[in-house]
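The structure file model_27.txt is reproduced below (compact mmCIF, C-alpha atoms).
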# COMPACT_ATOMS: atom_id res chain seq x y z
CA MET A 707 -37.21 -67.64 110.71
CA TYR A 708 -35.19 -65.92 113.38
CA ALA A 709 -34.85 -69.08 115.46
CA GLN A 710 -33.44 -72.05 113.58
CA MET A 711 -33.11 -75.68 114.62
CA VAL A 712 -34.09 -75.05 118.22
CA LYS A 713 -33.55 -78.26 120.16
CA SER A 714 -36.39 -79.42 122.37
CA THR A 715 -36.22 -82.33 124.82
CA GLY A 716 -35.26 -84.70 122.01
CA ASP A 717 -37.40 -87.42 123.58
CA GLY A 718 -40.38 -86.92 121.30
CA VAL A 719 -43.90 -86.11 122.39
CA LYS A 720 -45.11 -88.07 125.40
CA SER A 721 -48.38 -89.95 125.14
CA ARG A 722 -51.05 -89.05 127.69
CA ASP A 723 -50.29 -92.30 129.55
CA GLU A 724 -46.63 -91.39 129.87
CA MET A 725 -47.40 -87.93 131.25
CA SER A 726 -47.53 -87.14 134.95
CA ASP A 727 -50.75 -85.57 136.27
CA GLU A 728 -49.12 -82.17 136.18
CA GLU A 729 -47.93 -82.65 132.61
CA ARG A 730 -51.37 -83.81 131.50
CA ALA A 731 -53.06 -80.79 133.08
CA PHE A 732 -50.46 -78.56 131.43
CA GLN A 733 -51.03 -80.12 127.99
CA ASP A 734 -54.80 -79.74 128.45
CA ARG A 735 -54.38 -76.03 129.06
CA ILE A 736 -52.28 -75.70 125.91
CA ASP A 737 -54.77 -77.71 123.86
CA ALA A 738 -57.53 -75.40 125.13
CA ASP A 739 -55.49 -72.41 123.85
CA GLU A 740 -54.94 -71.09 127.37
CA LYS A 741 -51.85 -68.94 127.77
CA ILE A 742 -49.14 -70.16 130.14
CA GLU A 743 -47.85 -67.38 132.41
CA PRO A 744 -44.45 -67.11 134.14
CA LYS A 745 -45.49 -68.31 137.60
CA ASP A 746 -47.58 -71.25 136.31
CA TRP A 747 -46.26 -74.78 136.58
CA MET A 748 -44.53 -75.90 133.37
CA PRO A 749 -42.43 -78.92 132.37
CA GLU A 750 -38.69 -78.24 132.60
CA GLY A 751 -38.32 -79.11 128.89
CA TYR A 752 -40.89 -76.47 127.95
CA ARG A 753 -39.03 -73.84 129.95
CA LYS A 754 -35.62 -74.76 128.53
CA THR A 755 -36.81 -74.99 124.93
CA LEU A 756 -38.47 -71.59 125.23
CA ILE A 757 -35.33 -70.01 126.67
CA ARG A 758 -33.35 -71.39 123.70
CA GLN A 759 -35.92 -70.23 121.17
CA ILE A 760 -36.70 -66.79 122.58
CA GLY A 761 -33.01 -66.22 123.35
CA GLN A 762 -31.97 -67.10 119.81
CA HIS A 763 -34.73 -64.89 118.47
CA ALA A 764 -33.60 -61.97 120.66
CA HIS A 765 -29.96 -62.43 119.67
CA SER A 766 -31.01 -62.37 116.01
CA GLU A 767 -32.72 -59.01 116.47
CA ILE A 768 -29.60 -57.59 118.12
CA VAL A 769 -27.02 -59.02 115.69
CA GLY A 770 -29.43 -58.17 112.85
CA GLN A 771 -28.71 -54.50 113.50
CA LEU A 772 -25.14 -54.90 112.29
CA PRO A 773 -25.63 -55.58 108.54
CA GLU A 774 -27.96 -52.57 108.33
CA GLY A 775 -26.01 -50.35 110.69
CA ASN A 776 -23.28 -50.68 108.08
CA TRP A 777 -25.32 -48.46 105.74
CA ILE A 778 -26.69 -45.77 108.06
CA THR A 779 -23.86 -43.37 107.31
CA ARG A 780 -23.99 -44.17 103.60
CA ALA A 781 -27.71 -44.03 102.86
CA PRO A 782 -28.28 -42.09 99.61
CA THR A 783 -30.54 -39.37 101.06
CA LEU A 784 -31.17 -37.82 104.46
CA GLU A 785 -34.69 -39.27 104.43
CA ARG A 786 -33.45 -42.79 103.70
CA LYS A 787 -30.90 -42.38 106.46
CA ALA A 788 -33.53 -41.33 109.00
CA ILE A 789 -35.77 -44.24 107.97
CA LEU A 790 -32.96 -46.79 108.22
CA LEU A 791 -31.96 -45.41 111.61
CA ALA A 792 -35.54 -45.83 112.84
CA LYS A 793 -35.63 -49.36 111.50
CA VAL A 794 -32.39 -50.35 113.19
CA GLN A 795 -33.64 -48.80 116.43
CA ASP A 796 -36.78 -50.93 116.14
CA GLU A 797 -34.60 -54.05 115.87
CA ALA A 798 -32.92 -53.11 119.15
CA GLY A 799 -36.38 -52.67 120.68
CA HIS A 800 -37.50 -56.07 119.38
CA GLY A 801 -34.43 -57.65 120.93
CA LEU A 802 -35.31 -56.04 124.26
CA TYR A 803 -38.97 -57.18 124.19
CA LEU A 804 -37.75 -60.73 123.58
CA TYR A 805 -35.02 -60.67 126.22
CA CYS A 806 -37.58 -59.52 128.77
CA ALA A 807 -39.88 -62.39 127.74
CA ALA A 808 -36.98 -64.86 128.15
CA GLU A 809 -36.13 -63.41 131.56
CA THR A 810 -39.58 -64.32 132.88
CA LEU A 811 -38.43 -67.96 132.51
CA GLY A 812 -35.71 -67.50 135.10
CA VAL A 813 -32.64 -66.72 133.00
CA SER A 814 -30.82 -63.42 133.54
CA ARG A 815 -30.11 -60.88 130.81
CA ASP A 816 -26.37 -61.08 131.41
CA GLU A 817 -26.38 -64.88 131.13
CA LEU A 818 -28.12 -64.61 127.75
CA THR A 819 -25.68 -61.94 126.59
CA GLU A 820 -22.68 -63.97 127.72
CA ASP A 821 -23.99 -67.03 125.89
CA LEU A 822 -24.30 -65.02 122.68
CA LEU A 823 -20.84 -63.49 123.06
CA SER A 824 -19.17 -66.83 123.70
CA GLY A 825 -20.97 -68.46 120.76
CA ARG A 826 -22.85 -70.94 122.99
CA MET A 827 -26.16 -69.54 121.77
CA LYS A 828 -26.85 -68.92 118.09
CA TYR A 829 -28.56 -66.21 116.08
CA SER A 830 -30.13 -66.52 112.63
CA SER A 831 -27.77 -67.68 109.86
CA ILE A 832 -28.93 -64.81 107.63
CA PHE A 833 -26.96 -62.17 109.53
CA ASN A 834 -23.67 -63.83 108.66
CA TYR A 835 -23.93 -62.57 105.09
CA PRO A 836 -22.42 -59.21 104.13
CA THR A 837 -24.40 -56.18 102.92
CA LEU A 838 -22.30 -55.01 100.00
CA THR A 839 -24.44 -52.36 98.30
CA TRP A 840 -27.33 -50.03 99.09
CA ALA A 841 -29.63 -52.45 97.24
CA ASP A 842 -28.89 -54.97 99.99
CA MET A 843 -30.84 -52.71 102.37
CA GLY A 844 -33.78 -53.16 100.04
CA ALA A 845 -33.29 -56.93 99.80
CA VAL A 846 -32.88 -57.31 103.57
CA GLY A 847 -36.07 -55.39 104.34
CA TRP A 848 -38.10 -57.07 101.61
CA LEU A 849 -36.82 -60.66 101.90
CA VAL A 850 -35.29 -61.05 105.36
CA ASP A 851 -37.95 -59.11 107.23
CA GLY A 852 -40.53 -60.70 104.95
CA ALA A 853 -39.36 -64.18 105.94
CA ALA A 854 -39.26 -63.16 109.60
CA ILE A 855 -42.85 -61.88 109.44
CA MET A 856 -43.93 -65.18 107.88
CA ASN A 857 -42.69 -66.90 111.01
CA GLN A 858 -43.68 -64.30 113.57
CA VAL A 859 -47.30 -63.83 112.59
CA PRO A 860 -48.33 -67.37 113.64
CA LEU A 861 -46.15 -67.07 116.77
CA GLN A 862 -48.50 -64.37 118.05
CA ARG A 863 -50.69 -67.34 119.03
CA THR A 864 -47.89 -69.18 120.85
CA SER A 865 -48.78 -70.74 124.20
CA TYR A 866 -46.39 -68.72 126.37
CA GLY A 867 -48.04 -65.42 127.33
CA PRO A 868 -44.97 -63.13 127.50
CA TYR A 869 -43.63 -64.49 124.18
CA SER A 870 -47.00 -64.09 122.50
CA ARG A 871 -47.32 -60.49 123.70
CA ALA A 872 -43.80 -59.66 122.49
CA MET A 873 -44.64 -61.18 119.10
CA ILE A 874 -47.83 -59.11 118.80
CA ARG A 875 -45.89 -55.94 119.44
CA ILE A 876 -43.12 -56.91 117.05
CA CYS A 877 -45.50 -57.83 114.22
CA LYS A 878 -47.21 -54.45 114.53
CA GLU A 879 -43.88 -52.73 113.91
CA GLU A 880 -42.37 -55.16 111.44
CA SER A 881 -44.51 -54.46 108.40
CA PHE A 882 -42.94 -50.99 108.15
CA HIS A 883 -39.61 -52.78 107.79
CA GLN A 884 -40.66 -54.95 104.89
CA ARG A 885 -42.37 -52.08 103.10
CA GLN A 886 -39.36 -49.79 103.42
CA GLY A 887 -37.22 -52.55 101.89
CA TYR A 888 -39.58 -53.08 98.99
CA ASP A 889 -39.72 -49.31 98.48
CA ILE A 890 -35.92 -49.24 98.08
CA MET A 891 -36.13 -52.11 95.57
CA LEU A 892 -38.93 -50.38 93.63
CA LYS A 893 -36.89 -47.21 93.29
CA LEU A 894 -33.80 -49.09 92.10
CA ALA A 895 -35.70 -51.44 89.80
CA ASN A 896 -37.26 -48.44 88.08
CA GLY A 897 -34.01 -46.48 88.00
CA THR A 898 -31.00 -46.50 85.67
CA GLY A 899 -29.59 -49.68 84.17
CA ASP A 900 -26.89 -49.75 86.83
CA GLN A 901 -29.44 -49.34 89.62
CA LYS A 902 -31.56 -52.14 88.26
CA ARG A 903 -28.51 -54.40 87.98
CA MET A 904 -27.67 -53.57 91.59
CA ALA A 905 -31.18 -54.58 92.68
CA GLN A 906 -30.96 -57.84 90.71
CA ASP A 907 -27.55 -58.60 92.24
CA ALA A 908 -28.94 -58.10 95.75
CA LEU A 909 -31.86 -60.46 95.01
CA ASN A 910 -29.41 -63.02 93.59
CA ARG A 911 -27.32 -63.00 96.75
CA PHE A 912 -30.17 -62.89 99.31
CA TRP A 913 -32.68 -65.30 97.74
CA TYR A 914 -31.25 -68.62 98.94
CA PRO A 915 -30.00 -67.35 102.34
CA SER A 916 -33.58 -66.06 102.88
CA LEU A 917 -35.01 -69.51 102.10
CA MET A 918 -32.51 -70.96 104.61
CA MET A 919 -33.93 -68.72 107.34
CA PHE A 920 -36.81 -71.18 107.81
CA GLY A 921 -34.33 -73.96 108.55
CA PRO A 922 -34.07 -77.38 106.91
CA SER A 923 -37.13 -79.56 106.52
CA ASP A 924 -38.32 -80.63 109.96
CA LYS A 925 -41.24 -82.84 109.10
CA ASP A 926 -39.49 -85.79 110.78
CA SER A 927 -37.85 -83.86 113.63
CA VAL A 928 -38.67 -84.97 117.20
CA HIS A 929 -37.67 -81.50 118.41
CA SER A 930 -40.19 -79.79 116.16
CA ALA A 931 -42.92 -82.32 117.01
CA GLN A 932 -42.53 -81.54 120.73
CA SER A 933 -42.41 -77.78 120.10
CA MET A 934 -45.56 -78.00 118.00
CA ALA A 935 -47.37 -80.01 120.67
CA TRP A 936 -46.47 -77.24 123.12
CA LYS A 937 -47.50 -74.56 120.61
CA ILE A 938 -44.18 -72.79 120.71
CA LYS A 939 -43.86 -73.65 117.04
CA ILE A 940 -46.97 -73.35 114.92
CA ASN A 941 -46.00 -74.37 111.37
CA THR A 942 -43.38 -76.67 109.88
CA ASN A 943 -40.37 -75.08 108.23
CA ASP A 944 -41.48 -76.33 104.81
CA GLU A 945 -44.97 -74.83 105.17
CA LEU A 946 -43.54 -71.42 105.98
CA ARG A 947 -40.92 -71.58 103.23
CA GLN A 948 -43.59 -72.45 100.65
CA LYS A 949 -45.77 -69.61 101.84
CA PHE A 950 -42.84 -67.23 101.57
CA VAL A 951 -42.00 -68.30 98.01
CA ASP A 952 -45.65 -68.06 96.95
CA GLN A 953 -45.88 -64.55 98.31
CA THR A 954 -42.51 -63.28 97.15
CA VAL A 955 -42.28 -64.46 93.53
CA PRO A 956 -45.10 -62.19 92.26
CA GLN A 957 -43.47 -59.28 94.13
CA ALA A 958 -40.20 -59.95 92.29
CA GLU A 959 -42.09 -60.09 89.00
CA PHE A 960 -43.70 -56.74 89.75
CA LEU A 961 -40.22 -55.29 90.25
CA GLY A 962 -39.18 -56.76 86.88
CA LEU A 963 -36.46 -58.78 88.62
CA THR A 964 -35.69 -62.47 88.14
CA VAL A 965 -35.62 -64.94 91.02
CA PRO A 966 -32.29 -66.78 90.66
CA ASP A 967 -33.86 -70.22 90.25
CA PRO A 968 -34.14 -71.61 86.69
CA ASP A 969 -36.45 -74.39 87.91
CA LEU A 970 -38.95 -72.08 89.58
CA LYS A 971 -42.42 -72.69 88.16
CA TRP A 972 -46.06 -72.32 89.08
CA ASN A 973 -47.89 -75.58 89.65
CA GLU A 974 -51.49 -75.11 88.56
CA GLU A 975 -52.63 -78.24 90.40
CA THR A 976 -51.20 -77.52 93.83
CA ALA A 977 -51.56 -73.75 93.40
CA HIS A 978 -48.02 -73.36 94.71
CA TYR A 979 -44.64 -72.55 93.18
CA GLU A 980 -42.12 -75.35 92.73
CA PHE A 981 -38.66 -74.14 93.63
CA THR A 982 -35.09 -75.30 94.19
CA GLU A 983 -34.07 -75.97 97.80
CA PRO A 984 -31.12 -73.94 99.04
CA ASP A 985 -27.72 -75.61 99.45
CA TRP A 986 -28.09 -77.07 102.94
CA SER A 987 -24.40 -77.83 103.27
CA GLU A 988 -23.81 -74.06 103.07
CA PHE A 989 -26.42 -73.54 105.79
CA PHE A 990 -24.79 -76.02 108.17
CA ASP A 991 -21.43 -74.47 107.48
CA VAL A 992 -22.72 -70.98 108.35
CA ILE A 993 -24.41 -72.29 111.51
CA LYS A 994 -21.12 -73.87 112.52
CA GLY A 995 -19.47 -70.46 112.36
CA ASN A 996 -17.90 -70.51 108.91
CA GLY A 997 -20.16 -68.01 107.12
CA PRO A 998 -18.66 -64.93 105.48
CA CYS A 999 -19.31 -62.67 108.51
CA ASN A 1000 -19.65 -64.88 111.62
CA ALA A 1001 -16.34 -63.77 113.11
CA GLU A 1002 -16.96 -60.11 112.29
CA ARG A 1003 -20.46 -60.11 113.85
CA LEU A 1004 -19.38 -61.74 117.09
CA ALA A 1005 -16.31 -59.51 117.30
CA ALA A 1006 -18.53 -56.42 116.92
CA ARG A 1007 -20.88 -57.60 119.71
CA ASN A 1008 -17.98 -58.47 122.01
CA LYS A 1009 -16.34 -55.11 121.39
CA ALA A 1010 -19.56 -53.23 122.15
CA TRP A 1011 -20.07 -55.24 125.36
CA ASP A 1012 -16.48 -54.84 126.58
CA GLU A 1013 -16.23 -51.17 125.75
CA GLY A 1014 -19.60 -50.45 127.36
CA ALA A 1015 -18.61 -52.07 130.66
CA TRP A 1016 -17.47 -48.80 132.27
CA VAL A 1017 -20.77 -47.13 131.34
CA ARG A 1018 -22.83 -49.95 132.88
CA ASP A 1019 -20.70 -49.98 136.03
CA GLY A 1020 -20.51 -46.20 136.26
CA LEU A 1021 -24.26 -45.68 136.03
CA LEU A 1022 -24.85 -48.37 138.64
CA ALA A 1023 -22.27 -46.87 141.01
CA HIS A 1024 -23.91 -43.45 140.57
CA ALA A 1025 -27.36 -44.91 141.27
CA GLU A 1026 -26.09 -46.67 144.40
CA LYS A 1027 -24.41 -43.50 145.66
CA LYS A 1028 -27.57 -41.46 145.13
CA ALA A 1029 -29.65 -44.11 146.91
CA ALA A 1030 -27.24 -44.14 149.86
CA ARG A 1031 -27.41 -40.33 150.13
CA ARG A 1032 -31.19 -40.48 150.14
CA VAL A 1033 -31.13 -42.99 153.00
CA ALA A 1034 -28.61 -40.87 154.93
CA ALA A 1035 -30.81 -37.77 154.56
CA GLU A 1036 -33.91 -39.50 155.93
CA MET B 733 -13.24 -70.20 151.47
CA SER B 734 -13.70 -67.25 153.78
CA ALA B 735 -12.16 -67.24 157.24
CA PRO B 736 -14.24 -68.59 160.14
CA ASN B 737 -16.42 -65.84 161.49
CA ALA B 738 -14.88 -65.44 164.98
CA ALA B 739 -16.57 -62.16 165.88
CA TYR B 740 -20.07 -63.53 165.24
CA PRO B 741 -19.91 -67.26 165.90
CA ASP B 742 -23.62 -67.78 165.20
CA THR B 743 -23.35 -66.35 161.69
CA PRO B 744 -22.86 -69.08 159.08
CA GLU B 745 -19.82 -68.78 156.87
CA ALA B 746 -20.33 -67.08 153.55
CA GLU B 747 -20.84 -69.65 150.83
CA ASP B 748 -18.12 -70.07 148.29
CA THR B 749 -20.19 -68.90 145.35
CA PRO B 750 -18.95 -66.99 142.31
CA PRO B 751 -19.32 -63.21 142.58
CA LYS B 752 -22.77 -61.95 141.75
CA ARG B 753 -23.22 -60.39 138.35
CA HIS B 754 -23.35 -56.64 138.42
CA GLU B 755 -26.59 -56.40 136.50
CA TRP B 756 -28.83 -53.35 136.37
CA PRO B 757 -32.08 -54.03 138.25
CA LEU B 758 -35.23 -55.01 136.38
CA TRP B 759 -38.07 -52.48 136.11
CA GLU B 760 -41.65 -53.16 135.08
CA ILE B 761 -43.02 -50.47 132.79
CA PHE B 762 -46.59 -49.17 132.73
CA ILE B 763 -47.82 -46.74 130.08
CA ARG B 764 -50.90 -44.56 129.84
CA GLY B 765 -52.13 -44.43 126.26
CA GLN B 766 -53.49 -41.24 124.83
CA HIS B 767 -57.14 -41.79 125.51
CA GLY B 768 -57.47 -41.19 129.23
CA LEU B 769 -57.01 -44.88 130.04
CA ASN B 770 -55.31 -46.48 133.02
CA HIS B 771 -51.61 -47.14 132.96
CA ARG B 772 -51.13 -50.57 131.49
CA HIS B 773 -48.24 -53.00 131.84
CA VAL B 774 -46.24 -53.14 128.61
CA GLY B 775 -43.09 -55.05 129.57
CA SER B 776 -39.88 -54.68 131.48
CA LEU B 777 -36.36 -53.38 131.03
CA HIS B 778 -33.10 -52.97 132.90
CA ALA B 779 -31.91 -49.61 134.19
CA PRO B 780 -29.58 -48.42 136.96
CA ASP B 781 -32.18 -46.11 138.55
CA ALA B 782 -35.72 -44.77 138.18
CA GLU B 783 -34.71 -41.80 136.07
CA MET B 784 -32.91 -43.98 133.54
CA ALA B 785 -35.75 -46.52 133.64
CA ILE B 786 -38.15 -43.83 132.44
CA LYS B 787 -35.73 -42.63 129.76
CA ASN B 788 -35.18 -46.18 128.53
CA ALA B 789 -38.92 -46.87 128.62
CA ARG B 790 -39.44 -43.86 126.38
CA ASP B 791 -37.05 -45.40 123.81
CA VAL B 792 -38.20 -48.99 124.14
CA TYR B 793 -41.96 -48.68 124.56
CA THR B 794 -43.10 -45.36 123.06
CA ARG B 795 -41.33 -45.11 119.69
CA ARG B 796 -44.71 -44.69 117.97
CA ASN B 797 -46.47 -42.26 120.27
CA GLU B 798 -47.92 -45.05 122.39
CA GLY B 799 -48.20 -43.04 125.55
CA VAL B 800 -48.46 -39.79 127.44
CA SER B 801 -47.26 -41.04 130.82
CA ILE B 802 -44.84 -43.68 132.05
CA TRP B 803 -44.64 -45.50 135.38
CA ALA B 804 -41.53 -47.50 136.23
CA VAL B 805 -41.63 -49.86 139.21
CA GLU B 806 -38.69 -51.94 140.28
CA ALA B 807 -39.77 -55.55 139.67
CA ARG B 808 -38.75 -56.74 143.17
CA HIS B 809 -41.29 -54.36 144.75
CA ILE B 810 -44.26 -55.95 143.00
CA ALA B 811 -46.36 -58.32 145.09
CA ALA B 812 -48.30 -60.86 143.07
CA SER B 813 -51.00 -63.40 143.84
CA SER B 814 -49.95 -66.98 143.35
CA PRO B 815 -51.44 -68.97 140.47
CA SER B 816 -52.10 -71.96 142.76
CA GLU B 817 -54.43 -69.81 144.90
CA LYS B 818 -56.56 -69.00 141.87
CA GLY B 819 -59.44 -71.18 143.05
CA PRO B 820 -59.80 -70.10 146.69
CA LEU B 821 -58.92 -66.48 145.91
CA TYR B 822 -61.66 -65.84 143.37
CA GLU B 823 -64.23 -68.41 144.37
CA PRO B 824 -66.26 -66.08 146.63
CA SER B 825 -67.21 -63.88 143.66
CA GLN B 826 -68.45 -66.77 141.54
CA SER B 827 -71.58 -67.42 143.57
CA LYS B 828 -72.76 -63.83 143.63
CA VAL B 829 -74.46 -63.54 140.27
CA TYR B 830 -76.76 -60.87 141.73
CA ARG B 831 -73.84 -58.45 141.43
CA HIS B 832 -74.55 -58.32 137.70
CA PRO B 833 -77.44 -56.13 136.53
CA THR B 834 -78.73 -58.86 134.23
CA PHE B 835 -79.70 -60.88 137.31
CA PHE B 836 -82.82 -58.75 137.75
CA ASP B 837 -85.83 -58.93 135.45
CA ILE B 838 -87.30 -55.48 135.12
CA PRO B 839 -90.69 -55.30 133.36
CA GLU B 840 -90.43 -53.55 130.02
CA GLU B 841 -93.21 -51.17 131.11
CA ALA B 842 -90.86 -49.71 133.70
CA GLY B 843 -88.84 -48.19 130.88
CA HIS B 844 -85.12 -48.02 130.35
CA MET B 845 -83.05 -48.72 133.45

Can the structure from this file be put into structure tokens for me?
Amino acid sequence: MYAQMVKSTGDGVKSRDEMSDEERAFQDRIDADEKIEPKDWMPEGYRKTLIRQIGQHAHSEIVGQLPEGNWITRAPTLERKAILLAKVQDEAGHGLYLYCAAETLGVSRDELTEDLLSGRMKYSSIFNYPTLTWADMGAVGWLVDGAAIMNQVPLQRTSYGPYSRAMIRICKEESFHQRQGYDIMLKLANGTGDQKRMAQDALNRFWYPSLMMFGPSDKDSVHSAQSMAWKIKINTNDELRQKFVDQTVPQAEFLGLTVPDPDLKWNEETAHYEFTEPDWSEFFDVIKGNGPCNAERLAARNKAWDEGAWVRDGLLAHAEKKAARRVAAE
Amino acid sequence: MSAPNAAYPDTPEAEDTPPKRHEWPLWEIFIRGQHGLNHRHVGSLHAPDAEMAIKNARDVYTRRNEGVSIWAVEARHIAASSPSEKGPLYEPSQSKVYRHPTFFDIPEEAGHM
């Protein structure tokens, strides 16, 4: 999931008796699957939780360009390079759709950017892992985009109109991403011994970080309960993780690769795979800023923002000058 | 604090607020799909001027041939109805069912109409 551990009000879900008339009418609209639009009345907690969630999601799309951007100049063929470039450009687009959805809630784009750059707002833990080989481009597309899709498909039905519409657009474009990743893995898995080993190594390194993307179990979380009542979260983290494992294991088998979990087994009774949970202490460490690439990612975003300042200011100054000339001519 | 405004005593002093962010204005983007449809709202973006808004809209909203024409309107120029007026604003049309063709029973013998 691209948004992890999003804090809600923390007060738990209010009972109907505890709600004000406005809150009750609002909850009724959500329960009736009506979309909430920017100018509608909404509880302050709903607005703030959404800004956190959509903001974190947007930041993930933007920072998510960095691990893949790393390989654009080194893609093995011109075609692969063009495809990867298009994919990374899509991620930028997805970030922009989401920022514009967040802005309808009354936060400015620059505030969101500044909160990312200062580390006040988070992005997905997954992008703090390095992409060491070309096979990692395959693993990222197949597993990371695969896990993101798992989360984003149900979010198309989220209660907030602008977020839902952004999700619909993103999902339409995202399946190309996962397929291009799997296509890279297929080629490597059916290639030379070295290529196959490279593919296996990428799966080994990205398997558990991908499972972490859904976040730790939240079946007892008051934050998640509130978000689910507001329909800004549709499934629990465990549900989505299970779905992801069930879908991905046969795909790994088709590639002839081994999922790095000796305890992985199919449970005939539940019709689900049993699997080993990732190391959650590693997850919390990465979230805290101690992952292998946290510092590098934030430094890259800060550098791009600082070095782009003269372009942003220059274009604005030019636009203002042109506008003033137009007024003078009239 | 700024100095008292001696030249224009009626003008209140400027408030001591932090400088405004120098953010590019927000534009709402409308795109005409390829099938002779109306322009339809697709989202928004930031751009310094109209020309750049259209260029950015091309990159952000038409990467897969989604359109043949783009409108960019600065968001602050859009007037919108207020959600709280929903009732009174649309009520008059609710009682006029005769505006729909199905209101009228036409005998089958009259043929297709």

- Task: Show which residues sit within 9 Å of region 749-757 of chain A, as a PyMOL selection string. Count only C-alpha atoms, and ignore same-chain residues fewer than 5 positions away.
- Result: chain A and resi 712-715+728-729+732+762+807-809+811-813+866+869+932-933+936+938

Mind dumping the selected residues with C-alpha atoms as a PDB file, keeping the file's coordinate frame?
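Written file, again.pdb:
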ATOM      1  CA  VAL A 712     -34.090 -75.050 118.220  1.00  0.00           C
ATOM      2  CA  LYS A 713     -33.550 -78.260 120.160  1.00  0.00           C
ATOM      3  CA  SER A 714     -36.390 -79.420 122.370  1.00  0.00           C
ATOM      4  CA  THR A 715     -36.220 -82.330 124.820  1.00  0.00           C
ATOM      5  CA  GLU A 728     -49.120 -82.170 136.180  1.00  0.00           C
ATOM      6  CA  GLU A 729     -47.930 -82.650 132.610  1.00  0.00           C
ATOM      7  CA  PHE A 732     -50.460 -78.560 131.430  1.00  0.00           C
ATOM      8  CA  GLN A 762     -31.970 -67.100 119.810  1.00  0.00           C
ATOM      9  CA  ALA A 807     -39.880 -62.390 127.740  1.00  0.00           C
ATOM     10  CA  ALA A 808     -36.980 -64.860 128.150  1.00  0.00           C
ATOM     11  CA  GLU A 809     -36.130 -63.410 131.560  1.00  0.00           C
ATOM     12  CA  LEU A 811     -38.430 -67.960 132.510  1.00  0.00           C
ATOM     13  CA  GLY A 812     -35.710 -67.500 135.100  1.00  0.00           C
ATOM     14  CA  VAL A 813     -32.640 -66.720 133.000  1.00  0.00           C
ATOM     15  CA  TYR A 866     -46.390 -68.720 126.370  1.00  0.00           C
ATOM     16  CA  TYR A 869     -43.630 -64.490 124.180  1.00  0.00           C
ATOM     17  CA  GLN A 932     -42.530 -81.540 120.730  1.00  0.00           C
ATOM     18  CA  SER A 933     -42.410 -77.780 120.100  1.00  0.00           C
ATOM     19  CA  TRP A 936     -46.470 -77.240 123.120  1.00  0.00           C
ATOM     20  CA  ILE A 938     -44.180 -72.790 120.710  1.00  0.00           C
TER      21      ILE A 938
END

- Which residues of chain B are close to chain A, meaning at most 9 Å apart when you count only C-alpha atoms, and how do they look as number ranges by chain? B: 753-756, 774-782, 791-793, 795, 814-816

- Just how far from CA of Lys937 (chain A) is CA of Pro820 (chain B), in Å to one decimal?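 Atom-to-atom, CA of Pro820 (chain B) to CA of Lys937 (chain A), that is 29.2 Å.
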
- d(CA of Ala789 (chain B), CA of Ala804 (chain B)) in Å: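 We find that CA of Ala789 (chain B) and CA of Ala804 (chain B) lie 8.1 Å from each other.
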
- Which residues come within 7 Å of region 1001-1006 of chain A, counting all atoms listed in the file, excluding same-chain residues fewer than 2 positions away, as a VMD selection string? chain A and resid 769 823 999 1008 to 1010

Generate the output file for the selected residues, C-alpha atoms, as an mmCIF file, in the coordinates of the input.
data_model
loop_
_atom_site.group_PDB
_atom_site.id
_atom_site.type_symbol
_atom_site.label_atom_id
_atom_site.label_comp_id
_atom_site.auth_asym_id
_atom_site.auth_seq_id
_atom_site.Cartn_x
_atom_site.Cartn_y
_atom_site.Cartn_z
ATOM 1 C CA VAL A 769 -27.020 -59.020 115.690
ATOM 2 C CA LEU A 823 -20.840 -63.490 123.060
ATOM 3 C CA CYS A 999 -19.310 -62.670 108.510
ATOM 4 C CA ASN A 1008 -17.980 -58.470 122.010
ATOM 5 C CA LYS A 1009 -16.340 -55.110 121.390
ATOM 6 C CA ALA A 1010 -19.560 -53.230 122.150
#

- Could you name the residues that touch Gln862 (chain A) at 6 Å or less, counting all atoms listed in the file, but leaving out those on the same chain fewer than 3 positions away, as a list of chain:residue names? A:Val859, A:Ser870, A:Met873, A:Ile874

Take the residues from that selection and put them in a file with C-alpha atoms, as a PDB file, in the frame of the given file.
ATOM      1  CA  VAL A 859     -47.300 -63.830 112.590  1.00  0.00           C
ATOM      2  CA  SER A 870     -47.000 -64.090 122.500  1.00  0.00           C
ATOM      3  CA  MET A 873     -44.640 -61.180 119.100  1.00  0.00           C
ATOM      4  CA  ILE A 874     -47.830 -59.110 118.800  1.00  0.00           C
TER       5      ILE A 874
END

- To one decimal place, how far is CA of Gly997 (chain A) from CA of Pro773 (chain A) in Å?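 If I compute the distance from CA of Gly997 (chain A) to CA of Pro773 (chain A), I get 13.7 Å.
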
Could you give me the centre and size, in Å to one decimal, of an axis-aligned box around all listed atoms of region 792-804 of chain B with 5 Å added on every side, as JSON?
{"center_x": -43.3, "center_y": -44.4, "center_z": 127.1, "size_x": 20.3, "size_y": 19.2, "size_z": 28.3}

- Near Glu983 (chain A), within 9 Å and counting all atoms listed in the file, which residues show up once chain neighbours fewer than 2 positions away are dropped, as a list of chain:residue names?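 Contacts, in chain order: A:Tyr914, A:Leu917, A:Met918, A:Phe981, A:Asp985, A:Trp986.
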